[in-house]
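One file, upload20.cif, carrying mmCIF, C-alpha atoms:
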```
data_structure
loop_
_atom_site.label_atom_id
_atom_site.label_comp_id
_atom_site.auth_asym_id
_atom_site.auth_seq_id
_atom_site.Cartn_x
_atom_site.Cartn_y
_atom_site.Cartn_z
CA MET A 18 3.01 21.50 -21.26
CA GLU A 19 0.13 20.52 -23.43
CA ASN A 20 0.36 19.34 -26.96
CA GLU A 21 -2.59 20.76 -28.83
CA LEU A 22 -2.74 17.99 -31.40
CA LEU A 23 -2.79 15.23 -28.80
CA ALA A 24 -5.35 17.06 -26.70
CA THR A 25 -7.64 17.49 -29.70
CA CYS A 26 -7.36 13.82 -30.61
CA LEU A 27 -8.13 12.78 -27.06
CA LEU A 28 -11.11 15.12 -26.89
CA ALA A 29 -12.51 13.68 -30.13
CA GLY A 30 -12.00 10.15 -28.85
CA ARG A 31 -13.59 10.85 -25.50
CA ILE A 32 -16.68 12.43 -27.07
CA MET A 33 -17.10 9.44 -29.37
CA ILE A 34 -16.85 6.90 -26.56
CA GLU A 35 -19.27 8.90 -24.44
CA GLY A 36 -21.66 8.91 -27.38
CA GLY A 37 -21.48 5.12 -27.69
CA SER A 38 -19.26 4.64 -30.74
CA GLU A 39 -17.51 1.40 -31.60
CA MET A 40 -13.93 1.39 -30.45
CA TYR A 41 -12.28 0.80 -33.81
CA ARG A 42 -13.99 3.93 -35.14
CA VAL A 43 -12.53 5.90 -32.21
CA ASP A 44 -9.09 4.52 -33.06
CA ASP A 45 -9.51 5.33 -36.70
CA THR A 46 -10.75 8.90 -36.14
CA MET A 47 -7.96 9.73 -33.70
CA THR A 48 -5.25 8.41 -36.01
CA ARG A 49 -6.81 10.22 -38.93
CA ILE A 50 -6.89 13.58 -37.14
CA ALA A 51 -3.23 13.19 -36.16
CA ARG A 52 -2.24 12.24 -39.69
CA ASN A 53 -4.15 15.09 -41.28
CA ALA A 54 -2.70 17.58 -38.81
CA GLY A 55 0.89 17.07 -39.83
CA GLY A 56 1.45 13.72 -41.41
CA GLU A 57 2.65 12.27 -38.16
CA ARG A 58 1.95 8.67 -37.30
CA ALA A 59 -0.02 8.47 -34.09
CA MET A 60 -0.11 5.46 -31.85
CA VAL A 61 -3.43 5.04 -30.17
CA PHE A 62 -4.58 2.65 -27.53
CA THR A 63 -8.25 2.79 -26.69
CA THR A 64 -10.35 1.05 -24.10
CA PRO A 65 -13.91 1.88 -23.06
CA THR A 66 -12.59 3.44 -19.86
CA GLY A 67 -9.52 5.34 -21.06
CA LEU A 68 -7.52 6.54 -24.05
CA PHE A 69 -3.79 6.80 -24.70
CA ILE A 70 -2.14 8.53 -27.61
CA ALA A 71 1.47 9.10 -28.58
CA LEU A 72 3.22 10.51 -31.63
CA ASP A 73 5.90 8.57 -33.36
CA SER A 74 8.37 11.44 -33.51
CA GLN A 75 7.96 12.84 -30.01
CA PRO A 76 8.55 11.49 -26.53
CA LEU A 77 5.04 12.42 -25.46
CA VAL A 78 2.16 10.31 -24.28
CA GLN A 79 -1.15 11.71 -23.14
CA LEU A 80 -4.04 9.89 -21.65
CA ALA A 81 -7.63 10.71 -20.91
CA PRO A 82 -9.96 8.75 -18.65
CA VAL A 83 -13.53 8.15 -19.80
CA ARG A 84 -15.75 8.34 -16.77
CA LYS A 85 -19.24 8.10 -18.20
CA ARG A 86 -20.47 6.11 -21.14
CA GLY A 87 -23.79 7.25 -22.46
CA ILE A 88 -25.65 6.85 -25.70
CA ASP A 89 -25.83 9.77 -28.08
CA MET A 90 -25.50 8.99 -31.78
CA GLU A 91 -25.66 12.68 -32.66
CA LYS A 92 -22.25 13.14 -31.02
CA VAL A 93 -20.71 10.21 -32.88
CA ALA A 94 -22.01 11.54 -36.17
CA GLY A 95 -20.86 15.06 -35.20
CA VAL A 96 -17.25 14.05 -34.54
CA ASN A 97 -17.27 12.02 -37.74
CA GLN A 98 -18.44 15.07 -39.67
CA LEU A 99 -15.84 17.37 -38.09
CA SER A 100 -13.08 14.87 -38.81
CA ARG A 101 -14.16 14.78 -42.44
CA SER A 102 -14.12 18.58 -42.73
CA PHE A 103 -10.70 18.65 -41.09
CA GLN A 104 -9.44 16.12 -43.60
CA ALA A 105 -10.83 18.24 -46.44
CA GLY A 106 -8.90 21.22 -45.08
CA GLU A 107 -11.99 23.24 -44.21
CA LEU A 108 -10.97 23.59 -40.58
CA THR A 109 -7.70 24.39 -38.83
CA LEU A 110 -6.63 22.43 -35.78
CA ALA A 111 -7.66 25.25 -33.42
CA GLN A 112 -11.05 25.54 -35.11
CA LEU A 113 -11.52 21.78 -34.93
CA ARG A 114 -10.80 21.84 -31.24
CA ALA A 115 -13.20 24.72 -30.61
CA ARG A 116 -15.93 22.92 -32.55
CA LEU A 117 -15.31 19.71 -30.60
CA VAL A 118 -15.60 21.54 -27.29
CA LYS A 119 -18.87 23.02 -28.48
CA LEU A 120 -20.09 19.60 -29.60
CA ASP A 121 -19.18 18.15 -26.22
CA THR A 122 -21.08 20.71 -24.18
CA ASN A 123 -24.15 21.45 -26.23
CA THR A 124 -25.41 18.76 -28.53
CA PRO A 125 -29.16 18.85 -29.01
CA TYR A 126 -30.96 15.85 -27.59
CA PHE A 127 -34.54 14.98 -28.38
CA PRO A 128 -36.79 16.44 -25.63
CA VAL A 129 -37.86 14.06 -22.88
CA TRP A 130 -41.52 14.04 -23.88
CA LEU A 131 -40.57 12.97 -27.39
CA GLN A 132 -38.33 10.21 -26.06
CA VAL A 133 -41.09 8.91 -23.81
CA LEU A 134 -43.52 9.08 -26.72
CA ALA A 135 -41.00 7.19 -28.86
CA ALA A 136 -40.68 4.57 -26.13
CA ALA A 137 -44.47 4.15 -26.17
CA LEU A 138 -44.50 3.75 -29.95
CA CYS A 139 -41.54 1.36 -29.84
CA SER A 140 -43.21 -0.80 -27.17
CA THR A 141 -46.57 -1.08 -28.83
CA THR A 142 -45.32 -1.85 -32.34
CA LEU A 143 -42.67 -4.28 -31.15
CA MET A 144 -45.28 -6.13 -29.11
CA VAL A 145 -47.15 -6.98 -32.30
CA ILE A 146 -43.91 -7.87 -34.09
CA PHE A 147 -42.55 -10.15 -31.36
CA ALA A 148 -45.78 -11.83 -30.38
CA GLN A 149 -46.50 -12.57 -34.07
CA LYS A 150 -50.18 -12.20 -33.22
CA TYR A 151 -52.34 -9.31 -34.26
CA ASP A 152 -53.17 -8.44 -30.70
CA TRP A 153 -54.78 -5.01 -31.19
CA PHE A 154 -56.53 -4.99 -27.82
CA ASP A 155 -53.28 -4.91 -25.81
CA MET A 156 -51.68 -2.10 -27.81
CA PRO A 157 -52.76 0.90 -25.68
CA LEU A 158 -51.69 -0.83 -22.49
CA ALA A 159 -48.31 -1.78 -23.96
CA ALA A 160 -47.75 1.85 -25.03
CA ALA A 161 -48.63 3.20 -21.58
CA VAL A 162 -46.53 0.61 -19.76
CA GLY A 163 -43.57 1.11 -22.07
CA ALA A 164 -43.69 4.88 -21.61
CA LEU A 165 -43.88 4.60 -17.82
CA GLY A 166 -41.06 2.07 -17.62
CA PHE A 167 -38.83 4.15 -19.88
CA TYR A 168 -39.59 7.32 -17.93
CA ALA A 169 -38.63 5.59 -14.67
CA TYR A 170 -35.40 4.45 -16.34
CA LEU A 171 -34.58 7.95 -17.61
CA TRP A 172 -35.33 9.60 -14.30
CA LEU A 173 -33.24 7.14 -12.33
CA SER A 174 -30.28 7.38 -14.71
CA HIS A 175 -30.20 11.12 -13.99
CA VAL A 176 -30.49 10.65 -10.25
CA THR A 177 -27.94 7.92 -9.64
CA THR A 178 -24.53 7.09 -11.08
CA MET A 179 -24.89 3.43 -10.14
CA ARG A 180 -24.97 1.27 -13.25
CA PHE A 181 -27.71 -1.25 -14.05
CA ILE A 182 -30.02 -0.06 -11.26
CA SER A 183 -31.99 2.13 -13.64
CA GLU A 184 -32.57 -0.82 -16.01
CA LEU A 185 -33.67 -2.99 -13.12
CA VAL A 186 -36.12 -0.44 -11.76
CA GLY A 187 -37.39 0.38 -15.26
CA ALA A 188 -38.11 -3.30 -15.89
CA PHE A 189 -39.74 -3.61 -12.49
CA VAL A 190 -42.03 -0.65 -13.24
CA VAL A 191 -42.89 -2.26 -16.57
CA GLY A 192 -43.76 -5.52 -14.84
CA ILE A 193 -45.85 -4.04 -12.09
CA THR A 194 -47.83 -1.62 -14.26
CA ALA A 195 -48.45 -4.35 -16.81
CA TRP A 196 -49.71 -6.65 -14.07
CA VAL A 197 -52.01 -3.94 -12.66
CA GLY A 198 -53.24 -3.09 -16.15
CA VAL A 199 -54.09 -6.68 -16.97
CA ARG A 200 -55.80 -7.07 -13.59
CA LEU A 201 -57.91 -4.00 -14.31
CA GLY A 202 -58.97 -5.58 -17.58
CA LEU A 203 -57.11 -3.11 -19.82
CA GLY A 204 -55.10 -5.89 -21.41
CA GLN A 205 -55.35 -9.61 -22.01
CA SER A 206 -51.90 -11.07 -22.32
CA LEU A 207 -49.47 -10.09 -19.57
CA ASP A 208 -46.63 -11.79 -21.45
CA ASN A 209 -47.13 -9.85 -24.66
CA VAL A 210 -47.45 -6.50 -22.90
CA ILE A 211 -44.23 -7.05 -20.93
CA ILE A 212 -42.27 -8.28 -23.95
CA GLY A 213 -43.15 -5.14 -25.89
CA ALA A 214 -42.84 -2.66 -23.07
CA VAL A 215 -39.39 -3.81 -21.97
CA MET A 216 -37.87 -3.28 -25.42
CA PRO A 217 -36.91 0.42 -25.06
CA LEU A 218 -34.63 -0.65 -22.19
CA VAL A 219 -32.79 -3.30 -24.22
CA PRO A 220 -29.03 -2.54 -24.53
CA GLY A 221 -29.05 -2.38 -28.33
CA VAL A 222 -25.98 -0.16 -28.55
CA ALA A 223 -23.89 -2.42 -26.35
CA ILE A 224 -24.90 -5.55 -28.27
CA THR A 225 -24.19 -4.12 -31.71
CA ASN A 226 -20.92 -2.47 -30.69
CA SER A 227 -19.73 -5.60 -28.98
CA ILE A 228 -20.21 -7.62 -32.16
CA ARG A 229 -18.61 -4.98 -34.37
CA ASP A 230 -15.63 -4.47 -32.07
CA MET A 231 -14.98 -8.18 -31.79
CA LEU A 232 -15.04 -8.48 -35.57
CA ALA A 233 -12.62 -5.58 -35.88
CA GLY A 234 -10.18 -7.33 -33.54
CA HIS A 235 -10.76 -5.06 -30.57
CA LEU A 236 -11.16 -7.97 -28.20
CA LEU A 237 -10.78 -5.95 -25.02
CA SER A 238 -13.49 -3.45 -25.93
CA GLY A 239 -15.69 -6.18 -27.38
CA MET A 240 -15.54 -8.15 -24.14
CA ALA A 241 -16.26 -5.05 -22.05
CA ARG A 242 -19.24 -4.06 -24.17
CA GLY A 243 -20.49 -7.62 -24.28
CA MET A 244 -20.31 -7.82 -20.51
CA GLU A 245 -22.21 -4.54 -20.30
CA ALA A 246 -24.93 -5.97 -22.55
CA ILE A 247 -25.17 -9.18 -20.53
CA LEU A 248 -25.36 -7.32 -17.22
CA SER A 249 -28.04 -4.96 -18.55
CA ALA A 250 -30.04 -7.91 -19.82
CA CYS A 251 -29.69 -9.63 -16.44
CA ALA A 252 -30.84 -6.47 -14.65
CA ILE A 253 -33.91 -6.32 -16.88
CA GLY A 254 -34.53 -10.02 -16.31
CA VAL A 255 -34.33 -9.60 -12.55
CA GLY A 256 -36.69 -6.63 -12.65
CA ILE A 257 -39.25 -8.70 -14.54
CA ALA A 258 -38.62 -11.82 -12.50
CA LEU A 259 -39.55 -10.01 -9.29
CA ILE A 260 -43.12 -9.73 -10.59
CA PHE A 261 -43.51 -13.48 -10.97
CA ARG A 262 -42.08 -14.12 -7.54
CA PHE A 263 -44.30 -11.65 -5.75
CA PHE A 264 -47.65 -12.14 -7.43
CA MET B 21 -56.23 -11.58 -42.13
CA PRO B 22 -55.26 -11.36 -45.83
CA TYR B 23 -51.58 -11.80 -46.62
CA GLY B 24 -51.15 -8.34 -48.15
CA LEU B 25 -52.49 -6.64 -45.05
CA GLN B 26 -50.23 -8.75 -42.85
CA LEU B 27 -47.26 -7.71 -44.94
CA LEU B 28 -48.25 -4.06 -44.66
CA VAL B 29 -48.60 -4.31 -40.87
CA GLN B 30 -45.25 -6.07 -40.51
CA VAL B 31 -43.38 -3.52 -42.62
CA SER B 32 -45.01 -0.44 -41.15
CA PHE B 33 -44.71 -1.63 -37.56
CA SER B 34 -41.08 -2.61 -37.89
CA TYR B 35 -40.35 0.74 -39.54
CA LEU B 36 -42.11 2.65 -36.76
CA SER B 37 -40.47 0.71 -33.95
CA THR B 38 -37.03 1.23 -35.48
CA VAL B 39 -37.56 4.97 -35.86
CA ALA B 40 -38.87 5.16 -32.29
CA PHE B 41 -35.80 3.35 -30.97
CA ALA B 42 -33.59 5.64 -33.04
CA ILE B 43 -35.18 8.64 -31.32
CA ILE B 44 -34.43 7.09 -27.93
CA ILE B 45 -30.71 6.84 -28.72
CA ASN B 46 -30.63 10.33 -30.31
CA VAL B 47 -29.88 9.43 -33.91
CA PRO B 48 -29.50 12.66 -35.95
CA ARG B 49 -32.74 13.78 -37.54
CA ARG B 50 -31.60 13.42 -41.13
CA ALA B 51 -30.78 9.75 -40.59
CA LEU B 52 -34.06 8.73 -38.92
CA ASN B 53 -35.90 7.77 -42.08
CA LEU B 54 -33.16 5.56 -43.51
CA ALA B 55 -32.52 3.97 -40.11
CA GLY B 56 -36.20 3.03 -40.07
CA TRP B 57 -35.91 1.46 -43.49
CA SER B 58 -32.92 -0.65 -42.51
CA GLY B 59 -34.99 -2.05 -39.64
CA ALA B 60 -38.01 -2.66 -41.87
CA ILE B 61 -35.96 -4.41 -44.56
CA GLY B 62 -34.13 -6.60 -42.06
CA TRP B 63 -37.38 -7.62 -40.41
CA LEU B 64 -39.06 -8.21 -43.76
CA VAL B 65 -36.30 -10.64 -44.78
CA TYR B 66 -36.67 -12.45 -41.46
CA TRP B 67 -40.45 -12.54 -41.59
CA LEU B 68 -40.67 -13.79 -45.17
CA LEU B 69 -38.11 -16.52 -44.48
CA MET B 70 -39.90 -17.60 -41.32
CA GLY B 71 -43.08 -17.74 -43.40
CA LEU B 72 -41.30 -20.11 -45.78
CA HIS B 73 -40.27 -22.30 -42.79
CA SER B 74 -36.60 -21.77 -43.49
CA GLY B 75 -35.56 -22.22 -39.87
CA ARG B 76 -34.88 -19.62 -37.24
CA MET B 77 -31.10 -19.46 -37.59
CA LEU B 78 -31.04 -18.85 -41.32
CA ALA B 79 -33.79 -16.24 -41.05
CA ASN B 80 -31.90 -14.36 -38.34
CA LEU B 81 -28.62 -14.62 -40.22
CA LEU B 82 -30.02 -13.29 -43.47
CA GLY B 83 -32.01 -10.61 -41.65
CA ALA B 84 -28.85 -9.37 -39.97
CA LEU B 85 -27.01 -9.55 -43.30
CA ALA B 86 -29.72 -7.39 -44.90
CA ILE B 87 -29.42 -4.85 -42.08
CA GLY B 88 -25.65 -4.82 -42.41
CA VAL B 89 -25.80 -4.28 -46.17
CA CYS B 90 -28.43 -1.54 -45.80
CA GLY B 91 -26.36 0.12 -43.10
CA MET B 92 -23.30 0.06 -45.32
CA LEU B 93 -25.12 1.55 -48.33
CA PHE B 94 -26.89 4.20 -46.27
CA ALA B 95 -23.70 5.10 -44.43
CA ARG B 96 -21.85 5.69 -47.70
CA ARG B 97 -24.71 7.71 -49.11
CA LYS B 98 -25.19 9.92 -46.05
CA LYS B 99 -21.50 9.92 -45.07
CA MET B 100 -22.35 8.92 -41.52
CA PRO B 101 -21.09 6.12 -39.24
CA VAL B 102 -22.56 2.69 -39.97
CA ILE B 103 -23.77 2.09 -36.40
CA ILE B 104 -26.31 4.89 -36.74
CA PHE B 105 -28.25 2.62 -39.07
CA ASN B 106 -27.26 -0.74 -37.59
CA ILE B 107 -28.21 -0.25 -33.96
CA PRO B 108 -31.85 0.74 -34.48
CA GLY B 109 -32.14 -1.70 -37.38
CA LEU B 110 -31.24 -4.61 -35.16
CA VAL B 111 -34.01 -3.89 -32.66
CA PRO B 112 -36.80 -5.94 -34.30
CA LEU B 113 -34.46 -8.94 -34.63
CA VAL B 114 -33.36 -9.02 -30.98
CA PRO B 115 -34.65 -12.30 -29.51
CA GLY B 116 -36.66 -10.41 -26.89
CA ALA B 117 -39.62 -12.75 -26.68
CA THR B 118 -37.43 -15.82 -26.24
CA ALA B 119 -35.26 -14.10 -23.64
CA TYR B 120 -38.37 -13.13 -21.73
CA GLN B 121 -39.73 -16.67 -21.78
CA ALA B 122 -36.35 -17.95 -20.62
CA VAL B 123 -36.33 -15.60 -17.63
CA ARG B 124 -39.89 -16.55 -16.77
CA ALA B 125 -39.16 -20.25 -16.93
CA LEU B 126 -36.05 -19.74 -14.79
CA VAL B 127 -37.92 -17.85 -12.09
CA LEU B 128 -40.82 -20.27 -12.06
CA GLY B 129 -38.35 -23.11 -11.46
CA ASP B 130 -38.64 -24.83 -14.83
CA MET B 131 -34.92 -25.36 -15.33
CA GLU B 132 -35.07 -27.58 -18.38
CA VAL B 133 -37.17 -25.15 -20.42
CA ALA B 134 -35.10 -22.22 -19.15
CA LEU B 135 -31.87 -23.83 -20.32
CA GLN B 136 -33.34 -24.70 -23.68
CA LEU B 137 -34.61 -21.16 -24.24
CA THR B 138 -31.35 -19.56 -23.06
CA LEU B 139 -29.46 -21.70 -25.52
CA ARG B 140 -31.82 -20.59 -28.26
CA VAL B 141 -31.18 -16.93 -27.37
CA ALA B 142 -27.43 -17.55 -27.56
CA MET B 143 -27.74 -19.29 -30.92
CA VAL B 144 -29.86 -16.48 -32.36
CA ALA B 145 -27.35 -13.91 -31.10
CA GLY B 146 -24.60 -15.93 -32.78
CA ALA B 147 -26.54 -16.08 -36.04
CA ILE B 148 -27.00 -12.30 -35.96
CA ALA B 149 -23.27 -11.83 -35.34
CA VAL B 150 -22.43 -14.05 -38.31
CA GLY B 151 -24.86 -12.06 -40.46
CA PHE B 152 -23.08 -8.86 -39.53
CA MET B 153 -19.75 -10.51 -40.22
CA LEU B 154 -20.81 -11.45 -43.74
CA ALA B 155 -22.06 -7.90 -44.33
CA GLN B 156 -18.70 -6.51 -43.23
CA LEU B 157 -16.88 -8.97 -45.44
CA LEU B 158 -19.01 -7.85 -48.37
CA ALA B 159 -18.36 -4.20 -47.53
CA GLU B 160 -14.62 -4.68 -47.42
CA THR B 161 -14.36 -6.72 -50.60
CA THR B 162 -16.49 -4.29 -52.63
CA TYR B 163 -14.54 -1.39 -51.18
CA ARG B 164 -11.27 -2.97 -52.19
CA MET B 165 -12.59 -3.73 -55.66
CA GLN B 166 -13.67 -0.12 -56.10
CA ALA B 167 -10.29 1.07 -54.86
CA THR B 168 -8.34 -1.13 -57.28
CA LYS B 169 -10.63 -0.03 -60.13
CA ALA B 170 -9.91 3.61 -59.26
CA VAL B 171 -6.17 2.92 -59.24
CA LYS B 172 -6.28 1.25 -62.69
CA LYS B 173 -8.01 4.29 -64.17
#
```
Let me see whether you can do it: turn the structure in this file into C-alpha cells.
Amino acid sequence: MENELLATCLLAGRIMIEGGSEMYRVDDTMTRIARNAGGERAMVFTTPTGLFIALDSQPLVQLAPVRKRGIDMEKVAGVNQLSRSFQAGELTLAQLRARLVKLDTNTPYFPVWLQVLAAALCSTTLMVIFAQKYDWFDMPLAAAVGALGFYAYLWLSHVTTMRFISELVGAFVVGITAWVGVRLGLGQSLDNVIIGAVMPLVPGVAITNSIRDMLAGHLLSGMARGMEAILSACAIGVGIALIFRFF
Amino acid sequence: MPYGLQLLVQVSFSYLSTVAFAIIINVPRRALNLAGWSGAIGWLVYWLLMGLHSGRMLANLLGALAIGVCGMLFARRKKMPVIIFNIPGLVPLVPGATAYQAVRALVLGDMEVALQLTLRVAMVAGAIAVGFMLAQLLAETTYRMQATKAVKK
C-alpha cells in the first residue's frame, strides 16, 4: 500500500538532496507539501543519506534512501517552484507528483563544453583575484590547465562511483599540466597557475551548506556535509602535493 | 596601475568567476546574473577593506555578510532558494591561496609554516561562517518585523 502524499513528499525531498540543497530547506519543503495537501502535520526526519516521513494522524511511516548526492541547483530551484505553485493551488497532488517525476528524470544541464569553458574562465579570473597580482602572462595557461583539470574530474565522476577519487585525479591533472606548461615557458608562476586552476574543483556547495545547516540546527547534516568538504579538500591537496613530491 | 582600473578589474573578474562557477553547478539561467553580482559585491567589500588594512578576519566577515544580505534580497526578489546566490558568491572569498600554500608547506616538510597557514584557513572559514550567521540573523529579524507590521494593518 502506498500513500500518495508521503510518496510525493519523499520524491521532492530526494530530488532536493540529490541537487545539493541544504537539509533544513528539504525539511521545510516536505512539511509544507504535506500541510498544503490536507492540513495534516507531517513529521520529517532528514539526513543526507535517507529520509523518513510520517503523518500525525496515521500509523504510516515511509522512508527513502538517497544513494547519490550530486550538485544541480536547477533541480533545487525547480522543486522550490513546484512547491510554491502547489501552495498557491495551481497544481493538484497528482499533477505535482507527475511534474516532480519529470523534473527528476529530465532537467536540462549546461552542455559539457560550456561547463569546461566556464571552468577555464573561473580558473583564469580567480587566479588574478587570489594572487592579488596583475599577472596577465599566466592567464592563458591557467585557463587551459583549469579546463583540462575540470574535464578530467567530470569524466572520472561519470566513470566511477568512488567518492573523492575524481577530485584527486582532477587536482593531479591540474598540477602536472601546470608544471609542464611552466617548464615549456608558457607561464611564469607555477603557484599562481595551480591556485587558479584548482578552484573549479573546490567543494563550494558542501562548504556553504554545511555552514547553513549548522546554523539552522541540523547538526547531523552539517557535520556530514562538513566532513564531505574536508575530505574533498584533502583529496585536492593530495593531488597537488604529489606534484611537489615527484618533481 | 591606476586605482580606478584596478577596481574595474577586481569587480569584473570577480563577477565573471562567480558566473562561471554558477554555470559549473548548474544554477538556473535566470539567476546567473544576480549570482554574479552577489560574488562581485562580496569580493568588493573584502578588497576595499583589505586595501584599508582592516585585517583579514574583519574583511572576510563583512564580505560574507554582504554576500548573505545580497543572497537574501535576490532570493526574495526572484523567489528562489538563497543558496543559488550564496554558493557561487562565496567562491572568490574561499581561502584558496592560503590553503594551497599550507598544503605545499606540509608536503615540503615545513611543519611550522604549514600549521600556521592551516590555522589561518580555519580562522578565515570561521569568519565567513560568522558573516553568514549575521546575515541570517538580519534576514530573520527583518522578516519578523515585516510580518508583525502586516498583522497590525
Run the PyMOL selection byres ((chain A) within 7 of (chain B)) on the file and write out the hits as a PDB file with C-alpha atoms, in the coordinates of the input.
```
ATOM      1  CA  ILE A  88     -25.650   6.850 -25.700  1.00  0.00           C
ATOM      2  CA  ASP A  89     -25.830   9.770 -28.080  1.00  0.00           C
ATOM      3  CA  MET A  90     -25.500   8.990 -31.780  1.00  0.00           C
ATOM      4  CA  GLU A  91     -25.660  12.680 -32.660  1.00  0.00           C
ATOM      5  CA  ALA A  94     -22.010  11.540 -36.170  1.00  0.00           C
ATOM      6  CA  TYR A 126     -30.960  15.850 -27.590  1.00  0.00           C
ATOM      7  CA  PHE A 127     -34.540  14.980 -28.380  1.00  0.00           C
ATOM      8  CA  GLN A 132     -38.330  10.210 -26.060  1.00  0.00           C
ATOM      9  CA  ALA A 135     -41.000   7.190 -28.860  1.00  0.00           C
ATOM     10  CA  ALA A 136     -40.680   4.570 -26.130  1.00  0.00           C
ATOM     11  CA  LEU A 138     -44.500   3.750 -29.950  1.00  0.00           C
ATOM     12  CA  CYS A 139     -41.540   1.360 -29.840  1.00  0.00           C
ATOM     13  CA  THR A 142     -45.320  -1.850 -32.340  1.00  0.00           C
ATOM     14  CA  LEU A 143     -42.670  -4.280 -31.150  1.00  0.00           C
ATOM     15  CA  ILE A 146     -43.910  -7.870 -34.090  1.00  0.00           C
ATOM     16  CA  PHE A 147     -42.550 -10.150 -31.360  1.00  0.00           C
ATOM     17  CA  ILE A 212     -42.270  -8.280 -23.950  1.00  0.00           C
ATOM     18  CA  PRO A 217     -36.910   0.420 -25.060  1.00  0.00           C
ATOM     19  CA  GLY A 221     -29.050  -2.380 -28.330  1.00  0.00           C
ATOM     20  CA  VAL A 222     -25.980  -0.160 -28.550  1.00  0.00           C
ATOM     21  CA  THR A 225     -24.190  -4.120 -31.710  1.00  0.00           C
ATOM     22  CA  ILE A 228     -20.210  -7.620 -32.160  1.00  0.00           C
ATOM     23  CA  LEU A 232     -15.040  -8.480 -35.570  1.00  0.00           C
ATOM     24  CA  GLY A 254     -34.530 -10.020 -16.310  1.00  0.00           C
ATOM     25  CA  ALA A 258     -38.620 -11.820 -12.500  1.00  0.00           C
TER      26      ALA A 258
END
```
TODO: Tell me, in Å to one decimal, how far CA of Leu85 (chain B) is from CA of Ile247 (chain A).
DONE: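 Taking CA of Leu85 (chain B) and CA of Ile247 (chain A), their separation equals 22.8 Å.
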- [ ] Find the distance between CA of Asn226 (chain A) and CA of Glu39 (chain A) and write it in Å to one decimal.
- [x]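 Interatomic distance here is 5.2 Å.
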Open item on the list: Selection in question (the file shown): the PyMOL selection byres ((chain A and resi 187-191) around 7). Which residues does it include, as a list of chain:residue names?
Closed with: A:Val162, A:Gly163, A:Gly166, A:Phe167, A:Ala169, A:Tyr170, A:Ser183, A:Glu184, A:Leu185, A:Val186, A:Gly192, A:Ile193, A:Thr194, A:Ala195, A:Ile211, A:Ala214, A:Val215, A:Ile253, A:Gly256, A:Ile257
Open item on the list: With only C-alpha atoms as the counted atoms, please give the residues lying no more than 9 Å from Pro65 (chain A), apart from itself and same-chain residues fewer than 4 positions off, as an MDAnalysis selection string.
Closed with: chainID A and resid 34:35 40 83 86 237:238 241:242
Output of the above residues as a compact mmCIF listing (two decimals), in the coordinates of the input, restricted to C-alpha atoms:
```
# COMPACT_ATOMS: atom_id res chain seq x y z
CA ILE A 34 -16.85 6.90 -26.56
CA GLU A 35 -19.27 8.90 -24.44
CA MET A 40 -13.93 1.39 -30.45
CA VAL A 83 -13.53 8.15 -19.80
CA ARG A 86 -20.47 6.11 -21.14
CA LEU A 237 -10.78 -5.95 -25.02
CA SER A 238 -13.49 -3.45 -25.93
CA ALA A 241 -16.26 -5.05 -22.05
CA ARG A 242 -19.24 -4.06 -24.17
```
Report the centre and edge lengths, in Å to one decimal, of an axis-aligned box enclosing every atom of region 153-157 of chain B listed in the file, padded by 3 Å on each side, as AutoDock Vina command-line options.
```
--center_x -19.5 --center_y -9.0 --center_z -42.8 --size_x 11.2 --size_y 10.9 --size_z 11.2
```
Open item on the list: Selection in question (the file shown): the PyMOL selection byres ((chain A and resi 70-80) around 6). Which residues does it include, as a list in words?
Closed with: Arg58, Ala59, Met60, Val61, Leu68, Phe69 and Ala81 of chain A
TODO: Tell me, in Å to one decimal, how far CA of Val93 (chain A) is from CA of Asn80 (chain B).
DONE: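 Answer for the CA of Val93 (chain A) to CA of Asn80 (chain B) separation: 27.5 Å.
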- [ ] Would you kindly return, as a PyMOL selection string, each protein, DNA or RNA residue with an atom no farther than 7 Å from any atom of Gly213 (chain A), considering all atoms listed in the file and excluding same-chain residues fewer than 5 positions away?
- [x] chain A and resi 140-141+143-144+159
TODO: Kindly indicate which residue among B:Arg97, B:Ala86, B:Leu139, B:Glu132 lies nearest to Leu158 (chain B), using all atoms listed in the file for the distances.
DONE: B:Ala86
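Comparing A:Phe103, A:Trp172, A:Phe154, A:Phe181 by their smallest distance to Thr25 (chain A), the closest is A:Phe103 (using only C-alpha atoms).
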- [ ] Neighbourhood query: residues within 7 Å of (-48.1, -8.0, -27.9), file coordinates, counting only C-alpha atoms; return as a PyMOL selection string.
- [x] chain A and resi 144-145+147-148+152+155-156+209-210+213
Open item on the list: Considering only C-alpha atoms, can you say which of A:Val255, A:Ala137, A:Ala161, A:Met244 comes closest to Met216 (chain A)?
Closed with: A:Ala137
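With only C-alpha atoms as the basis for measurement, A:Leu158 is the residue among A:Leu158, A:Ala105, A:Cys26, A:Ile32 that approaches Leu207 (chain A) most closely.
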What's around Tyr66 (chain B) at 10 Å? Count all atoms listed in the file, leave out sequence neighbours fewer than 5 positions away in its own chain, and write the answer as a tab-separated table (two decimals) with C-alpha atoms, in the coordinates of the input.
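Dumped to out_6.tsv:
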```tsv
chain	number	residue	atom	x	y	z
B	60	ALA	CA	-38.01	-2.66	-41.87
B	61	ILE	CA	-35.96	-4.41	-44.56
B	71	GLY	CA	-43.08	-17.74	-43.40
B	72	LEU	CA	-41.30	-20.11	-45.78
B	74	SER	CA	-36.60	-21.77	-43.49
B	75	GLY	CA	-35.56	-22.22	-39.87
B	76	ARG	CA	-34.88	-19.62	-37.24
B	77	MET	CA	-31.10	-19.46	-37.59
B	78	LEU	CA	-31.04	-18.85	-41.32
B	79	ALA	CA	-33.79	-16.24	-41.05
B	80	ASN	CA	-31.90	-14.36	-38.34
B	81	LEU	CA	-28.62	-14.62	-40.22
B	82	LEU	CA	-30.02	-13.29	-43.47
B	83	GLY	CA	-32.01	-10.61	-41.65
B	84	ALA	CA	-28.85	-9.37	-39.97
B	86	ALA	CA	-29.72	-7.39	-44.90
B	112	PRO	CA	-36.80	-5.94	-34.30
B	113	LEU	CA	-34.46	-8.94	-34.63
```
